[in-house]
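Pasted below: final_8.pdb, PDB, C-alpha atoms.
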ATOM      1  CA  MET A1301     138.014  69.239 152.869
ATOM      2  CA  ASN A1302     140.060  72.424 152.502
ATOM      3  CA  LEU A1303     143.843  72.277 152.211
ATOM      4  CA  MET A1304     145.727  75.556 152.425
ATOM      5  CA  GLY A1305     149.391  76.158 151.726
ATOM      6  CA  ARG A1306     151.527  79.262 151.999
ATOM      7  CA  GLN A1307     155.113  80.005 151.107
ATOM      8  CA  VAL A1308     156.643  83.309 152.179
ATOM      9  CA  PHE A1309     159.518  85.002 150.358
ATOM     10  CA  THR A1310     161.527  87.559 152.338
ATOM     11  CA  SER A1311     163.204  89.150 149.319
ATOM     12  CA  PRO A1312     162.477  90.394 146.779
ATOM     13  CA  ILE A1313     158.868  91.526 147.177
ATOM     14  CA  VAL A1314     156.596  89.149 145.312
ATOM     15  CA  LYS A1315     154.624  90.600 142.426
ATOM     16  CA  SER A1316     151.911  89.036 140.329
ATOM     17  CA  PRO A1317     153.434  87.831 137.028
ATOM     18  CA  LYS A1318     152.420  89.686 133.883
ATOM     19  CA  GLN A1319     152.138  86.380 132.025
ATOM     20  CA  ARG A1320     151.022  83.058 133.516
ATOM     21  CA  GLY A1321     153.712  80.435 133.036
ATOM     22  CA  PHE A1322     153.550  76.659 132.840
ATOM     23  CA  GLY A1323     154.073  76.264 136.594
ATOM     24  CA  CYS A1324     151.119  78.487 137.511
ATOM     25  CA  GLU A1325     148.910  76.802 134.950
ATOM     26  CA  LEU A1326     149.886  73.356 136.201
ATOM     27  CA  ILE A1327     149.101  74.233 139.834
ATOM     28  CA  GLU A1328     145.787  75.904 139.033
ATOM     29  CA  ARG A1329     144.563  73.214 136.629
ATOM     30  CA  ALA A1330     145.791  69.929 138.132
ATOM     31  CA  ILE A1331     143.355  69.589 141.051
ATOM     32  CA  PRO A1332     140.250  70.777 139.140
ATOM     33  CA  TYR A1333     141.149  68.572 136.171
ATOM     34  CA  GLU A1334     142.155  65.382 137.969
ATOM     35  CA  PHE A1335     139.951  65.520 141.092
ATOM     36  CA  ASP A1336     137.102  67.917 140.247
ATOM     37  CA  GLY A1337     138.340  70.178 143.047
ATOM     38  CA  GLU A1338     139.519  73.785 143.189
ATOM     39  CA  ALA A1339     142.900  75.521 143.234
ATOM     40  CA  SER A1340     143.764  79.214 143.435
ATOM     41  CA  LEU A1341     147.040  81.150 143.549
ATOM     42  CA  TYR A1342     147.407  84.608 145.090
ATOM     43  CA  PHE A1343     150.486  86.779 144.642
ATOM     44  CA  VAL A1344     150.753  89.123 147.637
ATOM     45  CA  SER A1345     153.704  91.250 148.750
ATOM     46  CA  ALA A1346     154.585  88.858 151.587
ATOM     47  CA  GLY A1347     154.633  85.770 149.396
ATOM     48  CA  VAL A1348     152.593  83.367 147.312
ATOM     49  CA  GLU A1349     149.424  81.922 148.815
ATOM     50  CA  ALA A1350     147.644  78.870 147.460
ATOM     51  CA  ASP A1351     144.195  77.538 148.335
ATOM     52  CA  PHE A1352     143.273  73.963 147.453
ATOM     53  CA  TRP A1353     139.953  72.176 147.821
ATOM     54  CA  ILE A1354     139.666  68.415 147.320
ATOM     55  CA  PRO A1355     136.435  66.384 147.683
ATOM     56  CA  SER A1356     136.541  64.511 150.999
ATOM     57  CA  ASN A1357     135.677  61.177 149.372
ATOM     58  CA  LEU A1358     139.063  61.254 147.613
ATOM     59  CA  VAL A1359     141.085  61.708 150.804
ATOM     60  CA  GLN A1360     142.443  58.705 152.684
ATOM     61  CA  TRP A1361     144.239  59.154 155.987
ATOM     62  CA  GLY A1362     147.214  56.998 156.901
ATOM     63  CA  GLU A1363     150.819  56.982 158.017
ATOM     64  CA  ILE A1364     153.482  58.303 155.672
ATOM     65  CA  PRO A1365     155.913  55.517 154.674
ATOM     66  CA  ASP A1366     159.502  55.816 155.922
ATOM     67  CA  THR A1367     160.738  55.890 152.363
ATOM     68  CA  LEU A1368     158.659  57.469 149.675
ATOM     69  CA  GLN A1369     160.267  57.832 146.284
ATOM     70  CA  GLU A1370     158.447  59.284 143.373
ATOM     71  CA  GLU A1371     159.915  60.102 140.013
ATOM     72  CA  THR A1372     157.985  62.563 137.938
ATOM     73  CA  SER A1373     158.856  63.643 134.442
ATOM     74  CA  VAL A1374     156.981  66.710 133.280
ATOM     75  CA  LYS A1375     157.377  68.014 129.789
ATOM     76  CA  ASN A1376     156.839  71.729 129.456
ATOM     77  CA  ALA A1377     154.104  72.001 126.897
ATOM     78  CA  ALA A1378     154.048  75.787 126.912
ATOM     79  CA  SER A1379     154.770  77.412 123.601
ATOM     80  CA  THR A1380     154.965  81.012 122.501
ATOM     81  CA  ALA A1381     154.267  80.222 118.864
ATOM     82  CA  VAL A1382     150.735  81.146 117.871
ATOM     83  CA  ALA A1383     149.350  80.973 114.373
ATOM     84  CA  ASN A1384     147.960  84.161 112.890
ATOM     85  CA  GLU A1385     144.814  82.572 111.486
ATOM     86  CA  ASP A1386     141.928  81.724 113.818
ATOM     87  CA  ILE A1387     140.445  78.411 112.707
ATOM     88  CA  GLY A1388     137.849  78.062 115.459
ATOM     89  CA  ALA A1389     137.612  75.868 118.539
ATOM     90  CA  ALA A1390     138.689  72.315 119.350
ATOM     91  CA  LEU A1391     137.924  69.920 122.187
ATOM     92  CA  VAL A1392     140.363  67.454 123.749
ATOM     93  CA  VAL A1393     138.840  64.685 125.876
ATOM     94  CA  GLU A1394     141.763  63.214 127.798
ATOM     95  CA  ASP A1395     142.079  61.994 131.394
ATOM     96  CA  ASN A1396     145.807  62.764 131.616
ATOM     97  CA  MET A1397     146.158  66.497 132.184
ATOM     98  CA  LEU A1398     149.729  66.807 130.894
ATOM     99  CA  ILE A1399     148.857  65.054 127.631
ATOM    100  CA  ALA A1400     145.799  67.295 127.317
ATOM    101  CA  MET A1401     147.927  70.409 127.884
ATOM    102  CA  GLU A1402     150.450  69.301 125.273
ATOM    103  CA  MET A1403     147.695  68.728 122.712
ATOM    104  CA  GLU A1404     146.159  72.100 123.591
ATOM    105  CA  CYS A1405     149.491  73.777 122.902
ATOM    106  CA  SER A1406     149.896  72.035 119.536
ATOM    107  CA  LEU A1407     146.353  72.878 118.443
ATOM    108  CA  LYS A1408     146.691  76.533 119.442
ATOM    109  CA  THR A1409     149.929  76.716 117.477
ATOM    110  CA  MET A1410     147.973  75.533 114.422
ATOM    111  CA  GLY A1411     145.555  78.431 114.798
ATOM    112  CA  PHE A1412     142.731  77.222 117.035
ATOM    113  CA  LYS A1413     141.797  80.237 119.142
ATOM    114  CA  THR A1414     140.008  78.129 121.748
ATOM    115  CA  VAL A1415     140.985  74.630 122.868
ATOM    116  CA  ASP A1416     138.993  73.142 125.741
ATOM    117  CA  SER A1417     139.830  69.964 127.646
ATOM    118  CA  ALA A1418     137.704  67.534 129.630
ATOM    119  CA  PRO A1419     138.780  64.440 131.599
ATOM    120  CA  SER A1420     135.391  62.713 131.665
ATOM    121  CA  VAL A1421     132.262  62.028 129.638
ATOM    122  CA  THR A1422     130.088  64.228 131.857
ATOM    123  CA  ARG A1423     132.324  67.271 131.561
ATOM    124  CA  ALA A1424     132.839  66.767 127.831
ATOM    125  CA  LEU A1425     129.093  66.605 127.149
ATOM    126  CA  LYS A1426     128.602  69.736 129.233
ATOM    127  CA  LEU A1427     131.122  71.576 127.046
ATOM    128  CA  LEU A1428     129.468  70.270 123.883
ATOM    129  CA  ASN A1429     126.142  71.691 125.019
ATOM    130  CA  SER A1430     127.588  75.180 125.412
ATOM    131  CA  HIS A1431     130.224  75.421 122.654
ATOM    132  CA  HIS A1432     130.643  74.715 118.962
ATOM    133  CA  TYR A1433     133.782  72.788 118.020
ATOM    134  CA  ARG A1434     135.226  72.262 114.575
ATOM    135  CA  ILE A1435     137.002  69.080 115.644
ATOM    136  CA  CYS A1436     137.325  66.892 118.751
ATOM    137  CA  PHE A1437     139.922  64.424 119.988
ATOM    138  CA  LEU A1438     138.681  61.549 122.141
ATOM    139  CA  ASP A1439     140.869  59.371 124.321
ATOM    140  CA  ILE A1440     139.146  55.984 124.240
ATOM    141  CA  ASP A1441     139.901  54.968 127.839
ATOM    142  CA  LEU A1442     138.828  57.579 130.387
ATOM    143  CA  LYS A1443     139.733  55.755 133.591
ATOM    144  CA  LYS A1444     136.538  53.804 134.383
ATOM    145  CA  GLU A1445     134.595  54.835 131.278
ATOM    146  CA  THR A1446     135.003  55.212 127.529
ATOM    147  CA  SER A1447     134.478  58.127 125.177
ATOM    148  CA  PHE A1448     132.076  56.233 122.896
ATOM    149  CA  GLU A1449     129.041  58.091 124.270
ATOM    150  CA  ILE A1450     130.717  61.351 123.261
ATOM    151  CA  ALA A1451     131.542  59.898 119.846
ATOM    152  CA  TYR A1452     127.897  59.053 119.156
ATOM    153  CA  GLU A1453     126.878  62.550 120.222
ATOM    154  CA  LEU A1454     129.418  64.052 117.824
ATOM    155  CA  VAL A1455     128.152  61.839 114.997
ATOM    156  CA  ALA A1456     124.626  63.115 115.662
ATOM    157  CA  ARG A1457     125.895  66.701 115.598
ATOM    158  CA  GLN A1458     128.033  66.050 112.506
ATOM    159  CA  VAL A1459     131.180  67.235 114.279
ATOM    160  CA  PRO A1460     134.377  65.511 113.067
ATOM    161  CA  PHE A1461     136.455  63.732 115.678
ATOM    162  CA  VAL A1462     139.519  61.548 116.102
ATOM    163  CA  PHE A1463     140.110  58.738 118.585
ATOM    164  CA  THR A1464     143.382  58.662 120.535
ATOM    165  CA  SER A1465     144.860  55.778 122.507
ATOM    166  CA  GLY A1466     148.209  55.060 124.134
ATOM    167  CA  TYR A1467     147.908  51.288 123.888
ATOM    168  CA  ASP A1468     145.631  48.510 122.691
ATOM    169  CA  SER A1469     142.431  49.433 124.450
ATOM    170  CA  LYS A1470     140.535  46.827 126.436
ATOM    171  CA  TYR A1471     137.433  48.471 125.016
ATOM    172  CA  PRO A1472     137.073  47.569 121.323
ATOM    173  CA  ILE A1473     135.780  50.330 119.086
ATOM    174  CA  PRO A1474     132.143  49.634 118.110
ATOM    175  CA  LYS A1475     131.686  48.476 114.519
ATOM    176  CA  ASN A1476     129.779  51.602 113.504
ATOM    177  CA  LEU A1477     132.697  53.768 114.715
ATOM    178  CA  LYS A1478     135.591  51.733 113.297
ATOM    179  CA  SER A1479     135.865  53.984 110.245
ATOM    180  CA  MET A1480     136.965  56.890 112.445
ATOM    181  CA  ILE A1481     140.639  57.861 112.546
ATOM    182  CA  LEU A1482     142.684  56.511 115.456
ATOM    183  CA  ILE A1483     146.060  58.004 116.383
ATOM    184  CA  LYS A1484     148.420  56.614 118.996
ATOM    185  CA  LYS A1485     149.660  58.565 122.005
ATOM    186  CA  PRO A1486     151.858  60.369 122.661
ATOM    187  CA  VAL A1487     150.491  62.420 119.793
ATOM    188  CA  ASP A1488     153.252  63.874 117.644
ATOM    189  CA  SER A1489     152.556  67.521 116.780
ATOM    190  CA  GLU A1490     153.270  66.966 113.083
ATOM    191  CA  LYS A1491     150.960  63.949 112.975
ATOM    192  CA  LEU A1492     148.296  65.993 114.732
ATOM    193  CA  LYS A1493     148.717  68.789 112.201
ATOM    194  CA  ASP A1494     148.434  66.372 109.268
ATOM    195  CA  VAL A1495     145.243  64.851 110.679
ATOM    196  CA  VAL A1496     143.645  68.248 111.309
ATOM    197  CA  GLU A1497     144.523  69.533 107.837
ATOM    198  CA  ASN A1498     143.202  66.352 106.225
ATOM    199  CA  ILE A1499     139.882  66.494 108.082
ATOM    200  CA  LEU A1500     139.230  70.234 107.918
ATOM    201  CA  LYS A1501     140.713  70.658 104.419
ATOM    202  CA  PHE A1502     142.692  73.838 105.007
TER     203      PHE A1502
END
File written out as structure tokens:
Amino acid sequence: MNLMGRQVFTSPIVKSPKQRGFGCELIERAIPYEFDGEASLYFVSAGVEADFWIPSNLVQWGEIPDTLQEETSVKNAASTAVANEDIGAALVVEDNMLIAMEMECSLKTMGFKTVDSAPSVTRALKLLNSHHYRICFLDIDLKKETSFEIAYELVARQVPFVFTSGYDSKYPIPKNLKSMILIKKPVDSEKLKDVVENILKF
């Protein structure tokens, strides 16, 4: 299924931004991250055009309720602070895109040049097969699956990792993984920094 949206601005003439802001990043990443779909933004003189593609199996048709109230609180995780030292790449496995973006921002501020995110086991393993990471952060509960398969793969590759969880998981950590560090979400940037420095010894 293809969904297309267009908003036209009469004045001033729309120009492509020199730097992608949080809003653009959120629009372009949300659908691919959450639904494995596609999203593209185009800045043309007549206005901003957006193309969205969502897998048809995720679409359900029905009547719109008379009253639909939704409260959304979005924290801007964008940051202009970037560390001078490049300390490699990190992987964040997290099914909540906003939490993943916030962790990405914190890790890049510490000096990680590349921080990749994946919302599922399949996509995380695909990244592991094509990249080398100095450290990984694994949310235990990934919707209908856990990150334990990724954890065992990281143990085999001798890549350090940290579990994250926002609550008492219904999936107990296996005995042979209980020695791994677990930090609670939301992950405080200072706590994240302390954990990274302790593990990587820098």
Q) Suppose you want the space between CA of Leu1326 (chain A) and CA of Glu1404 (chain A); what is it in Å? A) 13.2 Å
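If only C-alpha atoms are the atoms counted, then among A:Glu1325, A:Asp1416, A:Asp1488, A:Glu1449 the closest residue to Tyr1433 (chain A) is A:Asp1416.
Note on the selection: in this file the PyMOL selection byres ((chain A and resi 1403) around 10) comes out as Ala1377, Leu1391, Val1392, Glu1394, Met1397, Leu1398, Ile1399, Ala1400, Met1401, Glu1402, Glu1404, Cys1405, Ser1406, Leu1407, Lys1408, Thr1409, Val1415, Ser1417, Phe1437, Pro1486, Val1487, Asp1488, Ser1489 and Leu1492 of chain A.
With all atoms listed in the file as the basis for measurement, A:Ile1387 is the residue among A:Val1462, A:Leu1477, A:Ile1387, A:Ile1327 that approaches Met1410 (chain A) most closely.
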Q | Straight-line distance linking CA of Phe1322 (chain A) with CA of Ser1340 (chain A), stated in Å to one decimal | A | 14.6 Å
Quick one: residues within 12 Å of Asp1468 (chain A), all atoms listed in the file, excluding same-chain residues fewer than 3 positions away - as a PDB file with C-alpha atoms, in the frame of the given file?
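Written output follows (result05.pdb):
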ATOM      1  CA  ASP A1439     140.869  59.371 124.321  1.00  0.00           C
ATOM      2  CA  ILE A1440     139.146  55.984 124.240  1.00  0.00           C
ATOM      3  CA  ASP A1441     139.901  54.968 127.839  1.00  0.00           C
ATOM      4  CA  THR A1464     143.382  58.662 120.535  1.00  0.00           C
ATOM      5  CA  SER A1465     144.860  55.778 122.507  1.00  0.00           C
ATOM      6  CA  TYR A1471     137.433  48.471 125.016  1.00  0.00           C
ATOM      7  CA  PRO A1472     137.073  47.569 121.323  1.00  0.00           C
ATOM      8  CA  ILE A1473     135.780  50.330 119.086  1.00  0.00           C
ATOM      9  CA  LEU A1482     142.684  56.511 115.456  1.00  0.00           C
ATOM     10  CA  ILE A1483     146.060  58.004 116.383  1.00  0.00           C
ATOM     11  CA  LYS A1484     148.420  56.614 118.996  1.00  0.00           C
ATOM     12  CA  LYS A1485     149.660  58.565 122.005  1.00  0.00           C
TER      13      LYS A1485
END
Q: Could you check how far CA of Ile1481 (chain A) sits from CA of Leu1500 (chain A), in Å to one decimal?
A: 13.3 Å
Q: Would you translate the PyMOL selection byres ((chain A and resi 1460) around 10) into the concrete set of residues it matches in this file, as a PyMOL selection string?
A: chain A and resi 1433-1437+1451+1454-1455+1457-1459+1461-1462+1480-1481+1496+1499-1500
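Distance check against Glu1497 (chain A) using all atoms listed in the file: of A:Ala1339, A:Gly1347, A:Asn1396, A:Gly1411, the minimum falls on A:Gly1411.
Closest to Ala1456 (chain A) among A:Leu1442, A:Leu1428, A:Pro1355, A:Lys1478 is A:Leu1428, based on only C-alpha atoms.
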Q: Write out as an NGL selection string the residues lying within 9 Å of Ile1450 (chain A), counting only C-alpha atoms and excluding same-chain residues fewer than 2 positions away.
A: :A and (1421 or 1424-1425 or 1438 or 1446-1448 or 1452-1455)
